[in-house]
$ cat structure21.csv   # CSV, C-alpha atoms
chain,number,residue,atom,x,y,z
A,457,MET,CA,126.8,82.6,99.2
A,458,SER,CA,123.9,81.3,97.1
A,459,GLU,CA,122.9,83.0,93.8
A,460,LEU,CA,119.2,83.0,93.3
A,461,CYS,CA,116.8,84.0,90.6
A,462,VAL,CA,113.4,85.7,90.7
A,463,THR,CA,111.0,83.2,89.3
A,464,SER,CA,107.8,85.2,89.7
A,465,LEU,CA,106.3,88.3,91.3
A,466,HIS,CA,102.9,88.4,92.9
A,467,ILE,CA,100.8,91.4,93.8
A,468,TYR,CA,97.3,91.5,95.4
A,469,PRO,CA,95.8,94.9,94.7
A,470,VAL,CA,92.9,94.1,97.0
A,471,LYS,CA,93.7,92.1,100.1
A,472,GLY,CA,92.2,88.7,99.9
A,473,LEU,CA,91.1,88.9,96.2
A,474,HIS,CA,92.8,87.0,93.3
A,475,GLY,CA,96.4,87.8,92.7
A,476,LEU,CA,98.3,89.2,89.6
A,477,PHE,CA,101.7,88.2,88.3
A,478,PRO,CA,103.4,91.3,86.8
A,479,PRO,CA,106.8,90.9,85.0
A,480,MET,CA,108.2,93.7,87.0
A,481,ALA,CA,107.3,95.8,90.0
A,482,MET,CA,108.7,98.7,92.1
A,483,LEU,CA,109.6,97.8,95.6
A,484,SER,CA,108.8,100.6,98.2
A,485,PRO,CA,109.3,100.7,102.0
A,486,TRP,CA,105.7,99.3,102.4
A,487,GLY,CA,106.1,96.5,99.8
A,488,LEU,CA,105.6,96.0,96.1
A,489,ASP,CA,103.8,99.0,94.7
A,490,GLY,CA,100.1,98.2,94.2
A,491,ASP,CA,100.1,95.4,96.7
A,492,ARG,CA,97.3,95.3,99.2
A,493,ARG,CA,96.5,99.0,99.1
A,494,TRP,CA,92.8,98.2,98.9
A,495,MET,CA,90.8,96.1,101.4
A,496,VAL,CA,87.3,94.6,101.8
A,497,VAL,CA,85.8,95.3,105.2
A,498,ASP,CA,82.6,94.2,106.9
A,499,PRO,CA,80.0,96.8,108.1
A,500,ASP,CA,82.0,97.3,111.3
A,501,GLY,CA,85.2,98.1,109.4
A,502,ARG,CA,87.0,94.8,110.1
A,503,PHE,CA,88.9,93.2,107.3
A,504,ILE,CA,87.5,90.2,105.4
A,505,THR,CA,89.7,87.6,103.8
A,506,GLN,CA,89.4,84.1,102.3
A,507,ARG,CA,89.7,82.6,105.8
A,508,THR,CA,85.9,83.3,106.1
A,509,CYS,CA,84.9,84.1,102.5
A,510,ARG,CA,86.4,81.8,99.9
A,511,ALA,CA,84.5,83.5,97.0
A,512,MET,CA,87.1,86.3,97.3
A,513,ALA,CA,89.4,84.1,95.2
A,514,LEU,CA,87.0,84.4,92.3
A,515,VAL,CA,87.2,88.3,92.1
A,516,THR,CA,90.1,89.7,90.1
A,517,PRO,CA,91.2,93.3,90.5
A,518,ILE,CA,92.7,94.9,87.4
A,519,PRO,CA,94.7,98.1,88.1
A,520,THR,CA,93.8,101.1,85.9
A,521,ALA,CA,95.1,104.7,85.7
A,522,GLU,CA,92.0,105.8,87.6
A,523,GLY,CA,92.0,103.0,90.2
A,524,LEU,CA,91.0,99.5,89.4
A,525,THR,CA,88.3,97.3,87.8
A,526,LEU,CA,86.8,94.4,89.7
A,527,THR,CA,85.9,91.3,87.6
A,528,ARG,CA,84.1,88.0,88.3
A,529,ALA,CA,82.7,85.5,85.9
A,530,ARG,CA,79.0,86.1,85.0
A,531,MET,CA,79.1,89.6,86.4
A,532,GLN,CA,79.5,92.9,84.7
A,533,PRO,CA,83.0,94.4,85.6
A,534,CYS,CA,82.9,97.2,88.2
A,535,PRO,CA,85.2,100.2,87.6
A,536,VAL,CA,86.5,101.8,90.8
A,537,ARG,CA,88.2,105.2,91.0
A,538,PHE,CA,90.7,106.1,93.6
A,539,PRO,CA,88.7,107.8,96.3
A,540,GLY,CA,89.4,111.6,96.3
A,541,SER,CA,89.8,113.9,99.2
A,542,GLU,CA,86.1,114.3,99.5
A,543,ALA,CA,85.6,110.6,100.1
A,544,PRO,CA,84.7,109.7,103.7
A,545,MET,CA,87.5,108.5,105.9
A,546,ALA,CA,86.9,105.2,107.8
A,547,VAL,CA,88.8,103.6,110.7
A,548,VAL,CA,89.3,100.0,109.6
A,549,THR,CA,90.8,97.1,111.4
A,550,VAL,CA,93.6,94.6,110.3
A,551,TRP,CA,94.1,92.1,113.1
A,552,LYS,CA,94.9,94.4,116.0
A,553,ASP,CA,95.8,97.5,114.0
A,554,GLN,CA,93.4,100.3,113.4
A,555,VAL,CA,94.1,102.2,110.1
A,556,GLN,CA,92.6,105.3,108.5
A,557,ALA,CA,91.4,104.6,105.0
A,558,ARG,CA,89.1,106.2,102.3
A,559,ASP,CA,85.8,104.6,101.5
A,560,ALA,CA,85.4,103.7,97.8
A,561,GLY,CA,81.7,104.4,97.6
A,562,ASP,CA,78.3,102.7,97.4
A,563,MET,CA,78.5,101.4,93.9
A,564,VAL,CA,81.4,99.1,94.5
A,565,ALA,CA,80.1,98.1,97.9
A,566,ALA,CA,76.9,96.9,96.2
A,567,TRP,CA,78.8,95.0,93.5
A,568,LEU,CA,81.0,93.3,96.1
A,569,GLU,CA,78.0,92.3,98.2
A,570,GLN,CA,76.6,90.5,95.2
A,571,ALA,CA,79.9,89.0,94.3
A,572,LEU,CA,80.8,87.8,97.8
A,573,GLY,CA,77.3,87.2,99.3
A,574,GLN,CA,77.7,89.4,102.3
A,575,PRO,CA,77.5,93.1,103.3
A,576,CYS,CA,80.9,94.7,102.8
A,577,ARG,CA,82.7,97.9,101.6
A,578,LEU,CA,85.9,98.6,99.8
A,579,VAL,CA,88.5,101.0,101.3
A,580,TRP,CA,91.8,102.4,100.0
A,581,MET,CA,95.0,103.2,101.8
A,582,HIS,CA,95.9,106.6,100.3
A,583,ARG,CA,99.0,107.3,102.3
A,584,PRO,CA,100.9,104.0,102.8
A,585,GLU,CA,103.9,105.8,104.2
A,586,LEU,CA,101.8,107.1,107.1
A,587,ALA,CA,98.6,105.1,107.3
A,588,ARG,CA,100.0,102.0,109.1
A,589,ILE,CA,103.3,102.0,110.9
A,590,ARG,CA,104.3,98.7,112.7
A,591,GLN,CA,107.3,97.9,114.9
A,592,LEU,CA,109.3,95.4,112.8
A,593,GLY,CA,112.6,94.3,114.3
A,594,ALA,CA,114.4,97.3,115.7
A,595,GLN,CA,112.5,100.0,113.8
A,596,PRO,CA,109.0,101.1,112.9
A,597,ARG,CA,108.1,100.5,109.3
A,598,PRO,CA,105.2,101.3,107.0
A,599,VAL,CA,103.1,98.3,106.0
A,600,SER,CA,100.2,98.1,103.6
A,601,PHE,CA,97.0,96.1,104.4
A,602,ALA,CA,99.1,92.9,104.4
A,603,ASP,CA,98.7,90.8,107.5
A,604,GLY,CA,101.8,92.1,109.3
A,605,TYR,CA,104.9,92.7,107.1
A,606,PRO,CA,105.7,94.6,103.9
A,607,LEU,CA,106.9,91.5,101.9
A,608,LEU,CA,106.7,87.7,101.7
A,609,LEU,CA,109.5,85.7,100.1
A,610,ALA,CA,109.1,82.1,99.0
A,611,ASN,CA,111.5,79.4,97.7
A,612,THR,CA,110.4,77.1,94.9
A,613,ALA,CA,112.6,74.3,96.2
A,614,SER,CA,110.7,74.3,99.5
A,615,LEU,CA,107.4,74.0,97.7
A,616,ASP,CA,108.8,71.1,95.6
A,617,ASP,CA,109.9,69.4,98.9
A,618,LEU,CA,106.5,69.9,100.4
A,619,ASN,CA,104.8,68.5,97.3
A,620,THR,CA,106.8,65.3,97.5
A,621,ARG,CA,105.5,64.8,101.0
A,622,LEU,CA,101.8,65.4,100.2
A,623,PRO,CA,99.5,62.6,99.3
A,624,ALA,CA,99.9,61.4,95.7
A,625,GLY,CA,98.1,63.7,93.3
A,626,GLN,CA,97.5,66.5,95.9
A,627,GLY,CA,100.5,68.8,95.2
A,628,VAL,CA,99.7,72.5,95.5
A,629,PRO,CA,100.9,75.5,93.5
A,630,MET,CA,102.8,78.5,94.9
A,631,THR,CA,99.6,80.6,94.5
A,632,ARG,CA,98.2,78.9,97.6
A,633,PHE,CA,100.8,80.7,99.7
A,634,ARG,CA,100.2,84.2,98.3
A,635,ALA,CA,103.8,85.3,98.4
A,636,ASN,CA,105.2,88.5,96.8
A,637,ILE,CA,108.6,87.4,95.5
A,638,VAL,CA,109.3,83.8,94.6
A,639,LEU,CA,112.9,82.7,94.2
A,640,SER,CA,114.6,79.7,92.7
A,641,GLY,CA,118.1,78.3,92.9
A,642,ALA,CA,118.3,77.5,96.6
A,643,GLN,CA,118.1,74.3,98.6
A,644,PRO,CA,114.8,73.4,100.2
A,645,TRP,CA,114.2,75.5,103.3
A,646,ALA,CA,117.4,77.5,102.8
A,647,GLU,CA,115.2,80.6,103.4
A,648,ASP,CA,115.1,79.8,107.1
A,649,GLY,CA,118.7,81.0,107.2
A,650,TRP,CA,118.5,84.0,105.0
A,651,ARG,CA,119.0,87.4,106.8
A,652,ARG,CA,119.7,89.9,104.0
A,653,LEU,CA,119.3,89.6,100.2
A,654,SER,CA,120.1,91.7,97.2
A,655,ILE,CA,117.8,91.5,94.2
A,656,GLY,CA,118.7,92.8,90.7
A,657,GLY,CA,121.9,94.3,92.0
A,658,SER,CA,120.4,97.3,93.9
A,659,VAL,CA,117.3,96.3,95.9
A,660,VAL,CA,118.0,95.0,99.4
A,661,VAL,CA,115.6,93.2,101.7
A,662,ARG,CA,115.9,91.9,105.2
A,663,VAL,CA,114.3,88.7,106.4
A,664,LEU,CA,112.5,89.1,109.7
A,665,ALA,CA,110.5,86.0,110.6
A,666,PRO,CA,108.9,82.8,109.2
A,667,CYS,CA,105.3,83.1,108.0
A,668,SER,CA,102.6,81.3,109.9
A,669,ARG,CA,100.1,79.7,107.5
A,670,CYS,CA,96.3,79.3,107.8
A,671,VAL,CA,93.4,77.6,106.0
A,672,VAL,CA,93.7,79.8,102.9
A,673,THR,CA,96.5,77.4,101.8
A,674,SER,CA,93.8,74.8,101.3
A,675,ILE,CA,91.8,77.0,98.9
A,676,ASP,CA,92.2,76.6,95.1
A,677,GLN,CA,92.8,80.2,94.0
A,678,ASN,CA,91.2,79.6,90.6
A,679,THR,CA,88.0,77.9,91.7
A,680,ALA,CA,87.6,78.8,95.4
A,681,GLN,CA,87.1,75.1,96.1
A,682,VAL,CA,88.9,73.1,98.9
A,683,PRO,CA,90.1,69.9,97.4
A,684,ASN,CA,91.3,68.6,100.7
A,685,PRO,CA,90.5,70.6,103.9
A,686,LYS,CA,93.5,69.0,105.7
A,687,GLU,CA,96.2,69.8,103.2
A,688,PRO,CA,98.7,71.2,102.9
A,689,LEU,CA,98.6,72.3,106.5
A,690,ALA,CA,98.5,68.8,108.0
A,691,THR,CA,101.7,67.8,106.1
A,692,LEU,CA,103.4,71.1,106.9
A,693,ALA,CA,102.6,70.6,110.5
A,694,SER,CA,104.5,67.3,110.5
A,695,PHE,CA,107.8,69.0,110.0
A,696,ARG,CA,107.3,72.8,109.9
A,697,ARG,CA,105.6,73.5,113.2
A,698,ALA,CA,107.2,76.2,115.3
A,699,GLN,CA,106.4,78.8,117.9
A,700,GLY,CA,103.5,80.7,116.4
A,701,GLY,CA,102.2,78.2,114.0
A,702,VAL,CA,102.9,76.1,110.9
A,703,MET,CA,105.5,77.9,108.7
A,704,PHE,CA,106.0,78.4,105.0
A,705,ALA,CA,107.9,81.3,103.4
A,706,GLN,CA,109.6,84.3,105.1
A,707,ASN,CA,108.3,87.7,106.1
A,708,ALA,CA,110.7,90.5,105.2
A,709,GLU,CA,111.1,94.3,105.2
A,710,VAL,CA,112.6,96.6,102.5
A,711,GLU,CA,116.0,98.0,103.3
A,712,LYS,CA,116.6,99.5,99.9
A,713,GLY,CA,113.8,99.8,97.3
A,714,GLY,CA,113.8,99.9,93.5
A,715,LEU,CA,112.6,98.1,90.4
A,716,ILE,CA,112.7,94.3,90.3
A,717,SER,CA,111.8,92.0,87.5
A,718,VAL,CA,111.2,88.3,86.8
A,719,GLY,CA,114.6,86.8,85.9
A,720,ASP,CA,116.6,89.2,88.1
A,721,LYS,CA,119.5,87.5,89.9
A,722,ALA,CA,119.4,87.6,93.7
A,723,GLN,CA,122.2,87.0,96.2
A,724,VAL,CA,122.2,86.1,99.9
A,725,LEU,CA,124.3,88.8,101.6
A,726,GLU,CA,123.9,87.6,105.2
A,727,GLU,CA,123.0,84.2,106.6
A,728,GLY,CA,122.4,82.8,110.0
A,729,PRO,CA,121.0,79.7,111.8
A,730,SER,CA,117.5,78.6,111.0
A,731,ASN,CA,114.9,81.0,112.4
A,732,LEU,CA,112.4,78.1,112.6
A,733,LEU,CA,112.1,77.0,116.2
A,734,ASP,CA,109.8,74.3,117.4
A,735,THR,CA,107.7,74.7,120.6
A,736,GLN,CA,110.6,73.3,122.7
A,737,GLY,CA,112.9,76.0,121.3
A,738,MET,CA,115.0,73.4,119.3
A,739,LEU,CA,116.0,73.9,115.7
A,740,ALA,CA,113.5,72.2,113.5
$ encode --input "structure21.csv" --output "structure tokens"
Amino acid sequence: MSELCVTSLHIYPVKGLHGLFPPMAMLSPWGLDGDRRWMVVDPDGRFITQRTCRAMALVTPIPTAEGLTLTRARMQPCPVRFPGSEAPMAVVTVWKDQVQARDAGDMVAAWLEQALGQPCRLVWMHRPELARIRQLGAQPRPVSFADGYPLLLANTASLDDLNTRLPAGQGVPMTRFRANIVLSGAQPWAEDGWRRLSIGGSVVVRVLAPCSRCVVTSIDQNTAQVPNPKEPLATLASFRRAQGGVMFAQNAEVEKGGLISVGDKAQVLEEGPSNLLDTQGMLA
């Protein structure tokens, strides 16, 4: 069995906004604590992401004891408190799921409208263990405002392999893929065969499905620019197309939570055949 190492941890306090890279994080049933518990929605309550609003990459959320502070260059920071029990509840939509969330108020809504250039509001998932329950594998699991799963795992060797295939000078960083836990020490694409992993000796995660990628992978997360609108999706599609899309990284659920840190050793506990299938059902 392979021995791996946690290279980096990534959390996204507000879905779609700029990511943070903590040295350690607690892993709960719904994912890394602090990850995607806030979300920007349009006036109809539907989630907004960089798929339609690239400027979200330029807004950084900084967690505080009271909530968070939103920052963007050339704008005054906007402090946001966790909405209390008196805050209005809203029904918001993430893909096909409708979720109860608390509205964060008019001040942050006005700040975000200026920062993003469109009407929007900020909402908070106050009870992640109850707010959004999805059927994942054999059991229902709590999920944050993430697209569909509690956790996304990525392999540095797979990114290295992808970058060797991209046009010269157009390699991309791991931040384009907005993973939660990045692991090193494996062969390229070994993650397709992972089934269960331990991290740091106590945490256990179960891999459920490859992650279908979208146009966000073409967006520079520091500038919100698109250096090449075709890449890296076009190159990925040439050898990573499967039923459901073009795949990079693996969606996972939390079997046993706990504290994990950059530098922690990880071990593959169970392996299987590649879970990446092409449209003909053949192993890719």
$ closest_residue --input "structure21.csv" --among "A:Trp551, A:Phe704, A:Phe601, A:Phe538" --to "Cys667 (chain A)" --atoms "all atoms listed in the file"
A:Phe704
$ closest_residue --input "structure21.csv" --among "A:Val663, A:Ala646, A:Ala557, A:Ala680" --to "Leu473 (chain A)" --atoms "only C-alpha atoms"
A:Ala680
$ residues_around --input "structure21.csv" --residues "Arg510 (chain A)" --least-positions-apart "6" --cutoff "12 Å" --atoms "all atoms listed in the file" --output "MDAnalysis selection string"
chainID A and resid 472:474 504 571:574 671:682
$ atom_distance --input "structure21.csv" --atom1 "CA of Val536 (chain A)" --atom2 "CA of Leu488 (chain A)"
20.7 Å
$ residues_near_point --input "structure21.csv" --point "(108.5, 72.7, 93.7)" --cutoff "10 Å" --atoms "all atoms listed in the file" --output "list in words"
Asn611, Thr612, Ala613, Ser614, Leu615, Asp616, Asp617, Leu618, Asn619, Thr620, Gly627, Val628, Pro629, Met630, Ser640 and Pro644 of chain A
$ closest_residue --input "structure21.csv" --among "A:Asp562, A:Asp491, A:Glu727, A:Glu687" --to "Leu622 (chain A)" --atoms "only C-alpha atoms"
A:Glu687
$ residues_around --input "structure21.csv" --residues "Ile589 (chain A)" --least-positions-apart "5" --cutoff "12 Å" --atoms "all atoms listed in the file" --output "list in words"
Pro485, Trp486, Asp553, Gln554, Val555, Gln556, Arg583, Pro584, Gln595, Pro596, Arg597, Pro598, Val599, Ser600, Phe601, Ala602, Gly604, Tyr605 and Pro606 of chain A
$ write_last_selection --input "structure21.csv" --atoms "C-alpha atoms" --output "short mmCIF file (atom, residue, chain, number, x, y, z; two decimals), in the coordinates of the input"
data_model
loop_
_atom_site.label_atom_id
_atom_site.label_comp_id
_atom_site.auth_asym_id
_atom_site.auth_seq_id
_atom_site.Cartn_x
_atom_site.Cartn_y
_atom_site.Cartn_z
CA PRO A 485 109.30 100.70 102.00
CA TRP A 486 105.70 99.30 102.40
CA ASP A 553 95.80 97.50 114.00
CA GLN A 554 93.40 100.30 113.40
CA VAL A 555 94.10 102.20 110.10
CA GLN A 556 92.60 105.30 108.50
CA ARG A 583 99.00 107.30 102.30
CA PRO A 584 100.90 104.00 102.80
CA GLN A 595 112.50 100.00 113.80
CA PRO A 596 109.00 101.10 112.90
CA ARG A 597 108.10 100.50 109.30
CA PRO A 598 105.20 101.30 107.00
CA VAL A 599 103.10 98.30 106.00
CA SER A 600 100.20 98.10 103.60
CA PHE A 601 97.00 96.10 104.40
CA ALA A 602 99.10 92.90 104.40
CA GLY A 604 101.80 92.10 109.30
CA TYR A 605 104.90 92.70 107.10
CA PRO A 606 105.70 94.60 103.90
#
$ closest_residue --input "structure21.csv" --among "A:Arg537, A:Arg577, A:Lys471, A:Arg697" --to "Asp498 (chain A)" --atoms "all atoms listed in the file"
A:Arg577
$ closest_residue --input "structure21.csv" --among "A:Thr527, A:Asn707, A:Ser730, A:Thr505" --to "Gly593 (chain A)" --atoms "all atoms listed in the file"
A:Asn707
$ closest_residue --input "structure21.csv" --among "A:Ala708, A:Ala587, A:Val718, A:Val497" --to "Met480 (chain A)" --atoms "all atoms listed in the file"
A:Val718
$ decode --input "structure21.csv" --residues "region 521-532 of chain A" --atoms "all heavy atoms" --output "PDB file, in the first residue's frame"
ATOM      1  N   ALA A 521     -13.455  35.484  15.023  1.00  0.00           N
ATOM      2  CA  ALA A 521     -14.216  34.874  16.114  1.00  0.00           C
ATOM      3  C   ALA A 521     -15.702  35.183  16.003  1.00  0.00           C
ATOM      4  O   ALA A 521     -16.547  34.393  16.447  1.00  0.00           O
ATOM      5  CB  ALA A 521     -13.674  35.362  17.458  1.00  0.00           C
ATOM      6  N   GLU A 522     -16.031  36.332  15.382  1.00  0.00           N
ATOM      7  CA  GLU A 522     -17.431  36.750  15.272  1.00  0.00           C
ATOM      8  C   GLU A 522     -18.079  36.316  13.965  1.00  0.00           C
ATOM      9  O   GLU A 522     -19.290  36.421  13.812  1.00  0.00           O
ATOM     10  CB  GLU A 522     -17.542  38.276  15.384  1.00  0.00           C
ATOM     11  CG  GLU A 522     -17.137  38.838  16.735  1.00  0.00           C
ATOM     12  CD  GLU A 522     -15.618  38.915  16.894  1.00  0.00           C
ATOM     13  OE1 GLU A 522     -14.922  39.019  15.856  1.00  0.00           O
ATOM     14  OE2 GLU A 522     -15.144  38.855  18.038  1.00  0.00           O
ATOM     15  N   GLY A 523     -17.280  35.875  13.000  1.00  0.00           N
ATOM     16  CA  GLY A 523     -17.827  35.521  11.683  1.00  0.00           C
ATOM     17  C   GLY A 523     -16.725  35.507  10.649  1.00  0.00           C
ATOM     18  O   GLY A 523     -15.892  34.596  10.624  1.00  0.00           O
ATOM     19  N   LEU A 524     -16.677  36.549   9.827  1.00  0.00           N
ATOM     20  CA  LEU A 524     -15.578  36.682   8.875  1.00  0.00           C
ATOM     21  C   LEU A 524     -15.486  38.124   8.403  1.00  0.00           C
ATOM     22  O   LEU A 524     -16.362  38.947   8.666  1.00  0.00           O
ATOM     23  CB  LEU A 524     -15.743  35.722   7.692  1.00  0.00           C
ATOM     24  CG  LEU A 524     -17.054  35.663   6.910  1.00  0.00           C
ATOM     25  CD1 LEU A 524     -17.200  36.821   5.932  1.00  0.00           C
ATOM     26  CD2 LEU A 524     -17.150  34.356   6.132  1.00  0.00           C
ATOM     27  N   THR A 525     -14.391  38.438   7.735  1.00  0.00           N
ATOM     28  CA  THR A 525     -14.195  39.744   7.103  1.00  0.00           C
ATOM     29  C   THR A 525     -13.929  39.518   5.636  1.00  0.00           C
ATOM     30  O   THR A 525     -13.059  38.709   5.266  1.00  0.00           O
ATOM     31  CB  THR A 525     -13.020  40.506   7.739  1.00  0.00           C
ATOM     32  OG1 THR A 525     -13.306  40.746   9.110  1.00  0.00           O
ATOM     33  CG2 THR A 525     -12.788  41.830   7.026  1.00  0.00           C
ATOM     34  N   LEU A 526     -14.682  40.194   4.779  1.00  0.00           N
ATOM     35  CA  LEU A 526     -14.482  40.100   3.339  1.00  0.00           C
ATOM     36  C   LEU A 526     -13.547  41.217   2.890  1.00  0.00           C
ATOM     37  O   LEU A 526     -13.689  42.370   3.308  1.00  0.00           O
ATOM     38  CB  LEU A 526     -15.814  40.226   2.604  1.00  0.00           C
ATOM     39  CG  LEU A 526     -16.883  39.173   2.924  1.00  0.00           C
ATOM     40  CD1 LEU A 526     -18.137  39.429   2.096  1.00  0.00           C
ATOM     41  CD2 LEU A 526     -16.349  37.772   2.684  1.00  0.00           C
ATOM     42  N   THR A 527     -12.585  40.866   2.036  1.00  0.00           N
ATOM     43  CA  THR A 527     -11.631  41.856   1.546  1.00  0.00           C
ATOM     44  C   THR A 527     -11.530  41.778   0.031  1.00  0.00           C
ATOM     45  O   THR A 527     -11.666  40.698  -0.559  1.00  0.00           O
ATOM     46  CB  THR A 527     -10.233  41.633   2.154  1.00  0.00           C
ATOM     47  OG1 THR A 527      -9.719  40.369   1.714  1.00  0.00           O
ATOM     48  CG2 THR A 527     -10.276  41.642   3.663  1.00  0.00           C
ATOM     49  N   ARG A 528     -11.310  42.933  -0.576  1.00  0.00           N
ATOM     50  CA  ARG A 528     -10.975  43.016  -1.995  1.00  0.00           C
ATOM     51  C   ARG A 528     -10.134  44.257  -2.197  1.00  0.00           C
ATOM     52  O   ARG A 528     -10.353  45.282  -1.536  1.00  0.00           O
ATOM     53  CB  ARG A 528     -12.232  43.078  -2.883  1.00  0.00           C
ATOM     54  CG  ARG A 528     -11.838  43.174  -4.352  1.00  0.00           C
ATOM     55  CD  ARG A 528     -12.958  43.137  -5.351  1.00  0.00           C
ATOM     56  NE  ARG A 528     -12.372  43.381  -6.668  1.00  0.00           N
ATOM     57  CZ  ARG A 528     -13.020  43.295  -7.808  1.00  0.00           C
ATOM     58  NH1 ARG A 528     -14.300  42.969  -7.837  1.00  0.00           N
ATOM     59  NH2 ARG A 528     -12.409  43.544  -8.952  1.00  0.00           N
ATOM     60  N   ALA A 529      -9.173  44.173  -3.085  1.00  0.00           N
ATOM     61  CA  ALA A 529      -8.296  45.318  -3.349  1.00  0.00           C
ATOM     62  C   ALA A 529      -9.117  46.552  -3.686  1.00  0.00           C
ATOM     63  O   ALA A 529     -10.125  46.468  -4.408  1.00  0.00           O
ATOM     64  CB  ALA A 529      -7.334  44.989  -4.491  1.00  0.00           C
ATOM     65  N   ARG A 530      -8.682  47.685  -3.154  1.00  0.00           N
ATOM     66  CA  ARG A 530      -9.276  48.994  -3.408  1.00  0.00           C
ATOM     67  C   ARG A 530     -10.698  49.119  -2.861  1.00  0.00           C
ATOM     68  O   ARG A 530     -11.470  49.966  -3.292  1.00  0.00           O
ATOM     69  CB  ARG A 530      -9.252  49.347  -4.901  1.00  0.00           C
ATOM     70  CG  ARG A 530      -7.823  49.531  -5.430  1.00  0.00           C
ATOM     71  CD  ARG A 530      -7.805  49.909  -6.891  1.00  0.00           C
ATOM     72  NE  ARG A 530      -8.266  48.816  -7.716  1.00  0.00           N
ATOM     73  CZ  ARG A 530      -7.520  47.777  -8.086  1.00  0.00           C
ATOM     74  NH1 ARG A 530      -6.260  47.697  -7.691  1.00  0.00           N
ATOM     75  NH2 ARG A 530      -8.015  46.825  -8.845  1.00  0.00           N
ATOM     76  N   MET A 531     -11.053  48.257  -1.896  1.00  0.00           N
ATOM     77  CA  MET A 531     -12.333  48.378  -1.186  1.00  0.00           C
ATOM     78  C   MET A 531     -12.061  48.273   0.316  1.00  0.00           C
ATOM     79  O   MET A 531     -11.127  47.609   0.744  1.00  0.00           O
ATOM     80  CB  MET A 531     -13.316  47.279  -1.601  1.00  0.00           C
ATOM     81  CG  MET A 531     -13.858  47.415  -3.000  1.00  0.00           C
ATOM     82  SD  MET A 531     -15.114  46.135  -3.392  1.00  0.00           S
ATOM     83  CE  MET A 531     -16.435  46.589  -2.245  1.00  0.00           C
ATOM     84  N   GLN A 532     -12.871  48.957   1.103  1.00  0.00           N
ATOM     85  CA  GLN A 532     -12.774  48.815   2.548  1.00  0.00           C
ATOM     86  C   GLN A 532     -13.220  47.408   2.945  1.00  0.00           C
ATOM     87  O   GLN A 532     -14.193  46.880   2.413  1.00  0.00           O
ATOM     88  CB  GLN A 532     -13.664  49.852   3.238  1.00  0.00           C
ATOM     89  CG  GLN A 532     -13.131  51.277   3.163  1.00  0.00           C
ATOM     90  CD  GLN A 532     -11.825  51.441   3.931  1.00  0.00           C
ATOM     91  OE1 GLN A 532     -11.678  50.944   5.046  1.00  0.00           O
ATOM     92  NE2 GLN A 532     -10.865  52.144   3.332  1.00  0.00           N
TER      93      GLN A 532
END
